[in-house]
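Chemist: upload_21.txt (compact mmCIF, C-alpha atoms) pasted underneath:
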```
# COMPACT_ATOMS: atom_id res chain seq x y z
CA MET H 17 -72.63 38.96 54.64
CA LYS H 18 -72.92 42.71 53.91
CA GLY H 19 -69.72 44.29 52.66
CA LYS H 20 -68.13 40.92 51.86
CA PHE H 21 -67.76 38.91 48.65
CA SER H 22 -69.29 35.55 48.65
CA PRO H 23 -66.92 32.58 48.06
CA ILE H 24 -68.54 31.97 44.68
CA ILE H 25 -67.77 35.49 43.47
CA ILE H 26 -64.19 35.25 44.71
CA GLY H 27 -63.70 31.98 42.84
CA VAL H 28 -65.06 33.50 39.62
CA ILE H 29 -62.71 36.47 39.94
CA VAL H 30 -59.67 34.17 40.43
CA VAL H 31 -60.55 32.14 37.36
CA VAL H 32 -60.91 35.27 35.26
CA ILE H 33 -57.56 36.63 36.44
CA ILE H 34 -55.80 33.33 35.60
CA ALA H 35 -57.38 33.24 32.14
CA ILE H 36 -56.31 36.81 31.40
CA GLY H 37 -52.75 36.06 32.55
CA ALA H 38 -52.56 32.96 30.38
CA LEU H 39 -53.77 34.92 27.37
CA ILE H 40 -51.14 37.59 27.88
CA PHE H 41 -48.34 34.99 28.27
CA THR H 42 -49.41 33.15 25.13
CA THR H 43 -49.48 36.34 23.13
CA LEU H 44 -46.03 37.40 24.29
CA SER H 45 -44.59 33.94 23.67
CA GLY H 46 -46.04 33.92 20.20
CA ASN H 47 -44.50 37.28 19.43
CA ASN H 48 -41.07 36.12 20.68
CA SER H 49 -41.30 32.88 18.72
CA GLY H 50 -42.12 34.78 15.59
CA THR H 51 -39.13 37.01 16.16
CA ASN H 52 -36.80 34.00 16.57
CA ASN H 53 -38.15 32.27 13.48
CA LYS H 54 -37.65 35.44 11.53
CA LYS H 55 -34.05 35.65 12.75
CA ASN H 56 -33.38 31.99 11.88
CA THR H 57 -34.79 32.51 8.41
CA GLU H 58 -32.60 35.54 7.91
CA GLN H 59 -29.58 33.56 9.06
CA ASP H 60 -30.31 30.78 6.56
CA VAL H 61 -30.37 33.25 3.68
CA GLY H 62 -27.03 33.00 1.87
CA LYS H 63 -25.97 29.80 3.64
CA PRO H 64 -24.04 27.46 1.28
CA VAL H 65 -25.62 24.31 -0.13
CA ILE H 66 -23.15 21.50 -0.96
CA ASN H 67 -23.59 18.75 -3.53
CA LEU H 68 -21.19 15.76 -3.60
CA SER H 69 -20.82 13.15 -6.34
CA LYS H 70 -18.50 10.18 -6.96
CA ASP H 71 -16.82 8.90 -10.11
CA ALA H 72 -15.23 5.43 -10.09
CA ASP H 73 -13.42 3.99 -13.10
CA GLY H 74 -14.42 0.37 -13.83
CA ASP H 75 -15.66 -2.44 -11.62
CA LYS H 76 -12.50 -2.53 -9.48
CA PRO H 77 -11.33 1.08 -9.27
CA LYS H 78 -8.02 1.96 -7.65
CA LYS H 79 -9.27 5.48 -7.03
CA VAL H 80 -12.56 7.32 -6.64
CA THR H 81 -12.90 10.99 -7.59
CA ILE H 82 -15.26 13.05 -5.44
CA THR H 83 -16.59 16.29 -6.91
CA ALA H 84 -17.85 18.97 -4.52
CA TYR H 85 -20.06 21.77 -5.83
CA ALA H 86 -21.40 24.53 -3.59
CA THR H 87 -24.04 27.19 -4.23
CA THR H 88 -25.45 30.13 -2.28
CA SER H 89 -28.11 32.76 -2.74
CA ASP H 90 -25.76 35.40 -1.36
CA LYS H 91 -24.55 37.79 -4.01
CA ASP H 92 -20.91 37.50 -2.89
CA GLY H 93 -20.88 33.76 -3.62
CA ILE H 94 -18.73 30.87 -2.36
CA LYS H 95 -15.29 31.73 -1.06
CA GLU H 96 -13.70 28.26 -0.78
CA ILE H 97 -14.20 24.54 -0.26
CA ILE H 98 -12.26 22.78 2.48
CA LEU H 99 -11.22 19.27 1.42
CA PRO H 100 -11.07 16.21 3.73
CA ASP H 101 -7.30 16.57 4.14
CA GLY H 102 -7.70 20.15 5.41
CA SER H 103 -6.49 21.89 2.27
CA SER H 104 -8.70 24.46 0.55
CA VAL H 105 -9.72 25.17 -3.02
CA MET H 106 -10.85 28.68 -3.87
CA GLY H 107 -14.19 28.86 -5.64
CA SER H 108 -17.33 26.78 -5.70
CA THR H 109 -16.04 23.53 -7.26
CA ALA H 110 -13.37 21.09 -6.15
CA LYS H 111 -12.26 17.54 -6.99
CA TYR H 112 -10.68 15.13 -4.53
CA GLU H 113 -9.18 11.68 -5.26
CA VAL H 114 -9.25 8.91 -2.65
CA GLU H 115 -7.57 5.49 -2.69
CA GLU H 116 -9.27 4.01 0.37
CA ASN H 117 -12.87 3.44 1.34
CA GLY H 118 -14.19 5.65 4.12
CA THR H 119 -16.23 8.71 5.00
CA TYR H 120 -15.00 12.04 3.64
CA LYS H 121 -16.10 15.49 4.84
CA PHE H 122 -16.25 18.67 2.74
CA THR H 123 -16.92 22.19 4.03
CA ALA H 124 -18.04 25.19 1.96
CA ASN H 125 -17.34 28.72 3.18
CA CYS H 126 -19.27 31.70 1.82
CA ALA H 127 -17.76 35.12 1.36
CA ASN H 128 -20.34 36.39 3.90
CA GLY H 129 -18.83 34.17 6.60
CA GLN H 130 -21.44 31.43 6.62
CA SER H 131 -20.44 27.81 6.14
CA ASP H 132 -21.82 24.30 6.01
CA SER H 133 -20.43 20.76 5.78
CA LEU H 134 -21.43 17.50 4.11
CA THR H 135 -19.97 13.99 4.16
CA ILE H 136 -19.94 11.22 1.58
CA GLU H 137 -19.06 7.54 1.97
CA VAL H 138 -16.79 5.73 -0.49
CA THR H 139 -17.27 1.96 -0.73
CA GLU H 140 -16.36 1.26 -4.36
CA ILE H 141 -12.64 0.48 -3.93
CA PRO H 142 -11.95 -3.26 -3.53
CA GLU H 143 -10.18 -4.06 -0.27
CA ASN H 144 -6.60 -5.25 -0.62
CA SER H 145 -6.23 -8.97 -0.05
CA HIS H 146 -3.94 -11.83 -1.00
CA ASN H 147 -6.09 -12.55 -4.07
CA ASN H 148 -6.67 -8.91 -4.98
CA PRO H 149 -3.16 -7.48 -5.38
CA TYR H 150 -2.53 -3.78 -5.66
CA ILE H 151 -0.90 -2.66 -8.91
CA PRO H 152 1.62 0.17 -8.37
CA GLU H 153 1.46 3.36 -10.40
CA GLY H 154 3.17 2.94 -13.77
CA PHE H 155 2.62 -0.83 -13.84
CA SER H 156 -0.01 -2.89 -15.63
CA ALA H 157 -1.04 -6.53 -15.54
CA VAL H 158 0.62 -8.69 -18.18
CA ASP H 159 -2.50 -10.87 -18.21
CA GLU H 160 -5.44 -9.67 -16.10
CA ASP H 161 -7.22 -13.01 -16.37
CA VAL H 162 -4.46 -14.98 -14.63
CA ASP H 163 -5.39 -16.13 -11.13
CA VAL H 164 -2.96 -15.04 -8.41
CA GLU H 165 -2.38 -18.67 -7.46
CA ASP H 166 -0.94 -19.27 -10.92
CA GLY H 167 1.38 -16.27 -10.82
CA PHE H 168 0.03 -12.76 -11.41
CA VAL H 169 2.62 -10.74 -13.38
CA ILE H 170 2.91 -6.97 -13.68
CA ALA H 171 5.23 -4.94 -15.89
CA ASP H 172 6.39 -1.34 -16.08
CA LYS H 173 6.82 0.67 -19.28
CA ASN H 174 10.48 -0.40 -19.56
CA GLY H 175 9.77 -4.13 -19.43
CA ASN H 176 10.61 -4.87 -15.79
CA GLN H 177 8.39 -7.70 -14.57
CA TYR H 178 7.38 -8.82 -11.07
CA VAL H 179 5.22 -11.67 -9.78
CA TRP H 180 2.74 -11.32 -6.92
CA ILE H 181 3.35 -13.60 -3.93
CA PRO H 182 0.04 -13.90 -2.03
CA VAL H 183 0.25 -14.06 1.77
CA GLU H 184 -3.26 -14.74 3.06
CA SER H 185 -2.28 -14.50 6.74
CA GLY H 186 -0.38 -11.24 6.27
CA LYS H 187 2.63 -12.87 7.94
CA LEU H 188 5.81 -13.77 6.08
CA SER H 189 7.62 -17.08 6.62
CA ARG H 190 11.25 -17.39 7.59
CA ASN H 191 12.56 -20.94 7.82
CA THR H 192 15.67 -20.01 9.85
CA MET H 193 13.71 -18.08 12.48
CA LEU H 194 14.76 -20.45 15.29
CA ASP H 195 18.35 -20.92 14.11
CA VAL H 196 20.60 -18.54 16.07
CA LYS H 197 23.22 -18.61 13.29
CA TYR H 198 20.91 -16.60 11.03
CA THR H 199 19.47 -13.12 11.54
CA GLU H 200 17.67 -10.43 9.54
CA SER H 201 18.53 -6.87 10.50
CA THR H 202 18.04 -4.72 7.41
CA GLY H 203 15.48 -1.95 7.33
CA THR H 204 14.12 -3.16 4.00
CA ALA H 205 13.31 -6.57 5.52
CA SER H 206 11.32 -4.88 8.29
CA ALA H 207 9.60 -2.64 5.74
CA LEU H 208 8.54 -5.68 3.73
CA VAL H 209 7.14 -7.38 6.84
CA ASN H 210 5.07 -4.27 7.62
CA SER H 211 3.89 -3.94 4.03
CA VAL H 212 2.70 -7.54 3.83
CA ALA H 213 0.78 -7.13 7.09
CA LYS H 214 -1.21 -4.37 5.35
CA TYR H 215 -1.43 -5.57 1.74
CA TYR H 216 -1.29 -9.39 2.18
CA GLY H 217 1.41 -9.98 -0.36
CA PHE H 218 4.43 -8.60 -2.21
CA TYR H 219 6.07 -8.80 -5.61
CA ILE H 220 9.20 -10.79 -6.38
CA ALA H 221 11.29 -10.02 -9.45
CA ARG H 222 10.32 -12.46 -12.17
CA PHE H 223 13.91 -12.56 -13.38
CA GLU H 224 17.38 -12.45 -11.90
CA ALA H 225 18.77 -8.93 -11.91
CA SER H 226 20.45 -7.65 -15.05
CA GLN H 227 22.15 -4.38 -15.91
CA TYR H 228 20.15 -1.54 -17.44
CA GLU H 229 21.93 1.59 -18.64
CA LYS H 230 20.28 4.93 -19.30
CA ASN H 231 21.84 8.38 -19.67
CA GLY H 232 25.18 7.03 -18.53
CA LYS H 233 23.76 5.56 -15.31
CA MET H 234 23.39 1.90 -14.39
CA ALA H 235 20.42 0.26 -12.68
CA ALA H 236 19.25 -3.20 -11.70
CA ALA H 237 16.42 -4.54 -13.85
CA SER H 238 14.09 -7.54 -13.91
CA MET H 239 13.83 -8.29 -17.62
CA SER H 240 13.57 -11.33 -19.84
CA GLY H 241 16.41 -12.60 -22.02
CA LYS H 242 19.15 -10.56 -20.35
CA VAL H 243 22.59 -11.58 -19.12
CA PRO H 244 22.38 -11.88 -15.31
CA TRP H 245 24.38 -9.31 -13.33
CA THR H 246 27.23 -11.25 -11.71
CA ASN H 247 30.64 -10.55 -10.15
CA ILE H 248 28.94 -8.20 -7.72
CA ALA H 249 29.50 -7.96 -3.95
CA TYR H 250 26.62 -7.86 -1.50
CA GLN H 251 26.72 -4.14 -0.72
CA ASP H 252 26.67 -3.14 -4.38
CA ALA H 253 23.85 -5.57 -5.10
CA SER H 254 21.86 -4.15 -2.19
CA GLU H 255 22.35 -0.54 -3.31
CA TYR H 256 21.47 -1.18 -6.94
CA ALA H 257 18.38 -3.16 -5.90
CA THR H 258 17.19 -0.41 -3.55
CA ASN H 259 17.84 2.37 -6.08
CA SER H 260 15.98 0.60 -8.87
CA ALA H 261 12.61 2.16 -7.88
CA GLU H 262 14.01 5.68 -8.04
CA PHE H 263 15.87 5.03 -11.29
CA PHE H 264 12.72 3.76 -13.04
CA GLU H 265 10.64 6.54 -11.41
CA TYR H 266 8.21 4.38 -9.45
CA GLU H 267 5.82 6.66 -7.58
CA ASP H 268 4.21 4.57 -4.84
CA CYS H 269 6.37 1.51 -4.25
CA TYR H 270 9.88 0.45 -3.26
CA THR H 271 12.43 -2.05 -4.49
CA ALA H 272 15.04 -3.87 -2.44
CA LEU H 273 17.37 -6.85 -2.45
CA ILE H 274 15.43 -9.99 -1.65
CA ASN H 275 15.52 -11.08 2.01
CA SER H 276 15.04 -14.39 3.79
CA TYR H 277 11.36 -13.66 4.49
CA ALA H 278 10.60 -13.13 0.82
CA TRP H 279 12.70 -16.08 -0.36
CA ASP H 280 11.22 -18.59 2.09
CA THR H 281 7.65 -17.35 1.67
CA THR H 282 8.01 -17.67 -2.09
CA LEU H 283 9.36 -21.22 -1.83
CA ASN H 284 6.64 -22.27 0.60
CA TRP H 285 4.01 -20.90 -1.77
CA ILE H 286 5.52 -22.77 -4.74
CA ASP H 287 5.83 -26.01 -2.76
CA SER H 288 2.12 -25.84 -1.88
CA LYS H 289 1.22 -26.39 -5.55
CA GLU H 290 0.67 -29.99 -6.54
CA GLU H 291 2.55 -29.57 -9.80
CA TYR H 292 5.58 -28.07 -8.04
CA ILE H 293 5.62 -30.06 -4.80
CA ASN H 294 9.13 -30.38 -3.32
CA TYR H 295 10.44 -27.75 -5.75
CA SER H 296 12.55 -26.11 -3.05
CA SER H 297 14.32 -29.35 -2.11
CA SER H 298 14.85 -30.71 -5.63
CA THR H 299 17.58 -30.17 -8.22
CA ASP H 300 15.47 -31.37 -11.14
CA ARG H 301 14.58 -27.96 -12.55
CA GLY H 302 17.49 -25.52 -12.34
CA ASN H 303 20.19 -24.75 -14.84
CA TYR H 304 23.33 -26.54 -13.59
CA SER H 305 24.83 -26.97 -17.06
CA GLY H 306 28.05 -25.06 -16.38
CA THR H 307 26.95 -22.15 -18.58
CA ILE H 308 24.94 -19.17 -17.37
CA TYR H 309 21.92 -18.66 -19.60
CA PRO H 310 20.01 -15.41 -20.25
CA THR H 311 17.21 -14.75 -17.77
CA GLY H 312 14.08 -16.83 -18.27
CA VAL H 313 15.58 -19.18 -20.86
CA THR H 314 15.52 -22.33 -18.71
CA GLU H 315 11.93 -23.50 -19.23
CA THR H 316 12.09 -26.16 -16.53
CA ASP H 317 12.93 -23.51 -13.94
CA GLU H 318 9.90 -21.29 -14.54
CA VAL H 319 7.38 -21.88 -11.75
CA ASN H 320 4.30 -19.69 -11.36
CA HIS H 321 6.04 -17.39 -13.88
CA ILE H 322 9.08 -16.94 -11.59
CA CYS H 323 12.27 -17.79 -13.45
CA ASP H 324 15.66 -19.24 -12.44
CA LEU H 325 14.98 -19.39 -8.71
CA ALA H 326 16.75 -22.74 -8.32
CA GLY H 327 19.70 -22.46 -10.70
CA ASN H 328 21.52 -20.35 -13.29
CA VAL H 329 23.19 -17.93 -10.81
CA ARG H 330 23.31 -18.08 -7.04
CA GLU H 331 21.64 -15.08 -5.40
CA TRP H 332 22.56 -12.73 -2.57
CA THR H 333 19.99 -12.11 0.18
CA THR H 334 20.03 -9.66 3.09
CA GLU H 335 20.14 -12.47 5.67
CA ILE H 336 23.20 -12.58 7.94
CA TYR H 337 25.04 -15.77 8.77
CA LYS H 338 26.98 -15.70 12.03
CA ASP H 339 30.17 -17.72 11.72
CA ASN H 340 30.84 -19.00 15.23
CA SER H 341 34.48 -19.60 14.38
CA SER H 342 35.05 -15.85 13.94
CA ASP H 343 35.95 -13.57 16.82
CA SER H 344 32.92 -11.28 17.04
CA ASN H 345 34.96 -8.80 19.10
CA ASP H 346 37.55 -8.33 16.38
CA LYS H 347 36.36 -4.96 15.06
CA ASP H 348 39.26 -4.68 12.64
CA SER H 349 38.17 -7.70 10.63
CA THR H 350 36.39 -6.92 7.36
CA ASN H 351 35.01 -10.45 6.96
CA LEU H 352 32.83 -10.70 10.06
CA ILE H 353 29.58 -10.00 8.24
CA ASN H 354 28.61 -13.03 6.18
CA ARG H 355 25.56 -12.65 3.99
CA VAL H 356 23.54 -15.63 2.84
CA ILE H 357 23.48 -16.74 -0.76
CA ARG H 358 20.52 -18.87 -1.81
CA GLY H 359 19.95 -21.48 -4.48
CA GLY H 360 22.28 -23.15 -6.92
CA GLY H 361 24.15 -21.91 -9.96
CA ALA H 362 25.32 -23.07 -13.34
CA THR H 363 28.44 -24.57 -11.76
CA LEU H 364 26.93 -25.75 -8.46
CA ASN H 365 24.08 -28.21 -8.19
CA ARG H 366 22.17 -26.99 -5.11
CA THR H 367 18.50 -26.73 -4.21
CA ALA H 368 16.56 -23.48 -4.19
CA ALA H 369 16.23 -23.72 -0.41
CA SER H 370 19.95 -24.06 0.27
CA HIS H 371 21.75 -21.51 2.49
CA GLN H 372 25.41 -20.61 2.46
CA GLY H 373 27.14 -17.66 4.11
CA TYR H 374 29.96 -15.71 2.49
CA PRO H 375 31.78 -12.47 3.39
CA ASP H 376 29.69 -9.63 2.00
CA SER H 377 32.71 -8.19 0.19
CA GLN H 378 33.22 -11.35 -1.85
CA TYR H 379 32.02 -11.77 -5.44
CA GLU H 380 32.11 -14.53 -8.03
CA PRO H 381 31.27 -14.98 -11.74
CA TYR H 382 28.33 -17.23 -10.81
CA TRP H 383 26.78 -15.04 -8.11
CA GLY H 384 23.98 -12.60 -8.81
CA PHE H 385 20.89 -11.20 -7.11
CA ARG H 386 17.16 -10.60 -7.36
CA MET H 387 14.81 -7.84 -6.21
CA VAL H 388 11.48 -7.51 -4.43
CA LEU H 389 8.92 -4.75 -4.92
CA TYR H 390 6.44 -3.58 -2.28
CA LYS H 391 4.36 -0.63 -1.06
```
Spell out the structure here as structure tokens.
Modeler:
Amino acid sequence: MKGKFSPIIIGVIVVVIIAIGALIFTTLSGNNSGTNNKKNTEQDVGKPVINLSKDADGDKPKKVTITAYATTSDKDGIKEIILPDGSSVMGSTAKYEVEENGTYKFTANCANGQSDSLTIEVTEIPENSHNNPYIPEGFSAVDEDVDVEDGFVIADKNGNQYVWIPVESGKLSRNTMLDVKYTESTGTASALVNSVAKYYGFYIARFEASQYEKNGKMAAASMSGKVPWTNIAYQDASEYATNSAEFFEYEDCYTALINSYAWDTTLNWIDSKEEYINYSSSTDRGNYSGTIYPTGVTETDEVNHICDLAGNVREWTTEIYKDNSSDSNDKDSTNLINRVIRGGGATLNRTAASHQGYPDSQYEPYWGFRMVLYK
């Protein structure tokens, strides 16, 4: 045993060495951790702090305004705020208007290069639906308390009026869909179909189109008590109807000549009302007196606040009627495109649902037109 360590002594020495090593490791780790914490604290100094708030006007706001305000302890301050659309506003405060519910992200950048982001959720804007119609900029409700099923009317500052046609399914009707003699090929008809799929409805002109002159220019209007615009060929009616939105400076909606989708969907909606059942197939309401009356005068032909849909003047639509007797290969003919005229007129006792095709270059004293309005 002389000159050798006993096993007990060796074991004690090993334990002491391990303890010393652990102590050294803990001390070093603590020093490193302290260094990192110090660095993180230094990095947080001057970092921007963002505050977001919302402002909604009324119980059913069309827009919500988000205000972003950023602060920093850094002496150089806030450089800019990046808005949800990617644009930037210099300084520490910015406002941002939204028209749809969702989550919106704001980023604040300091002059020292540090930045931070914050999001806010908007839920206050009522979702568009067939019974919650959008109201375009520049328009207001004629009577806000009127239920959409009774005819919700809006008007612009000039007196143009339109009636909301609710489409709960988001799909327009077209009663000639399976009839190969009739087609719809205009871009405005497709645009209306797409709009209704998103907004669950559209607006139809309350009145037959009349002439409106301003600064030497003429436009199509939808106003009460006016002489209907007649003796007009299809192409002119289509152009005036489409240009009406620009003429009256509408900001977020379009106008167009009424198409077969809009006409049939409107009639189907009217026919679904007990008080107007069979309206589209009856000649009991329209003006067939032989004399064209001013728009909206015929009280019997005002249904859900839509006037003169059955009678007074017959109305161009964008629908095409294919005349099988014509030679479709005759490219020199100017009468191959027949557009459909709907309804009856003062001199022709026809139902609101009636169809008849005429060359689009033709015009008559008892033919007019009507517009639709949509987003």
Chemist: Residues within 9 Å of Val183 in chain H, please, as a ChimeraX atom specification. Count all atoms listed in the file; anything in the same chain fewer than 4 positions from it doesn't count.
Modeler: /H:145-147,187-188,212-213,215-218,281,285
Chemist: Using all atoms listed in the file, pick whichever of H:Tyr295, H:Tyr337, H:Tyr379, H:Tyr198 has the shortest atom-to-atom distance to Asp317 in chain H.
Modeler: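 Closest candidate: H:Tyr295.
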Chemist: Go ahead and compute the interatomic distance for CA of Tyr309 in chain H and CA of Glu229 in chain H, in Å to one decimal.
Modeler: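 We find that CA of Tyr309 in chain H and CA of Glu229 in chain H lie 20.3 Å from each other.
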Chemist: For the atom pair CA of Ala127 in chain H and CA of Tyr85 in chain H, what is the interatomic distance in Å to one decimal place?
Modeler: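 CA of Tyr85 in chain H lies at a distance of 15.3 Å from CA of Ala127 in chain H.
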Chemist: Give me, please, the distance in Å between CA of Arg366 in chain H and CA of Trp332 in chain H, quoted to one decimal.
Modeler: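 Distance reported for this atom pair: 14.5 Å.
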Chemist: Between H:Ser69, H:Ser206, H:Asn365, H:Thr316, which has the minimum distance to Val138 in chain H (counting only C-alpha atoms)?
Modeler: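 Ranking H:Ser69, H:Ser206, H:Asn365, H:Thr316 by distance to Val138 in chain H, first place goes to H:Ser69.
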Chemist: Counting only C-alpha atoms, which of H:Ile97, H:Val209, H:Thr87, H:Asp166 gets nearest to Glu290 in chain H?
Modeler: H:Asp166
Chemist: Using all atoms listed in the file, which residues sit within 10 Å of range 262-265 of chain H once same-chain residues fewer than 2 positions away are excluded, as a short mmCIF file (atom, residue, chain, number, x, y, z; two decimals) with C-alpha atoms, in the frame of the given file?
Modeler:
```cif
data_model
loop_
_atom_site.label_atom_id
_atom_site.label_comp_id
_atom_site.auth_asym_id
_atom_site.auth_seq_id
_atom_site.Cartn_x
_atom_site.Cartn_y
_atom_site.Cartn_z
CA GLU H 153 1.46 3.36 -10.40
CA GLY H 154 3.17 2.94 -13.77
CA ASP H 172 6.39 -1.34 -16.08
CA LYS H 173 6.82 0.67 -19.28
CA ASN H 174 10.48 -0.40 -19.56
CA ASN H 176 10.61 -4.87 -15.79
CA TYR H 228 20.15 -1.54 -17.44
CA LYS H 230 20.28 4.93 -19.30
CA LYS H 233 23.76 5.56 -15.31
CA MET H 234 23.39 1.90 -14.39
CA ALA H 235 20.42 0.26 -12.68
CA ALA H 236 19.25 -3.20 -11.70
CA ALA H 237 16.42 -4.54 -13.85
CA TYR H 256 21.47 -1.18 -6.94
CA THR H 258 17.19 -0.41 -3.55
CA ASN H 259 17.84 2.37 -6.08
CA SER H 260 15.98 0.60 -8.87
CA GLU H 267 5.82 6.66 -7.58
CA ASP H 268 4.21 4.57 -4.84
CA CYS H 269 6.37 1.51 -4.25
CA TYR H 270 9.88 0.45 -3.26
CA THR H 271 12.43 -2.05 -4.49
#
```
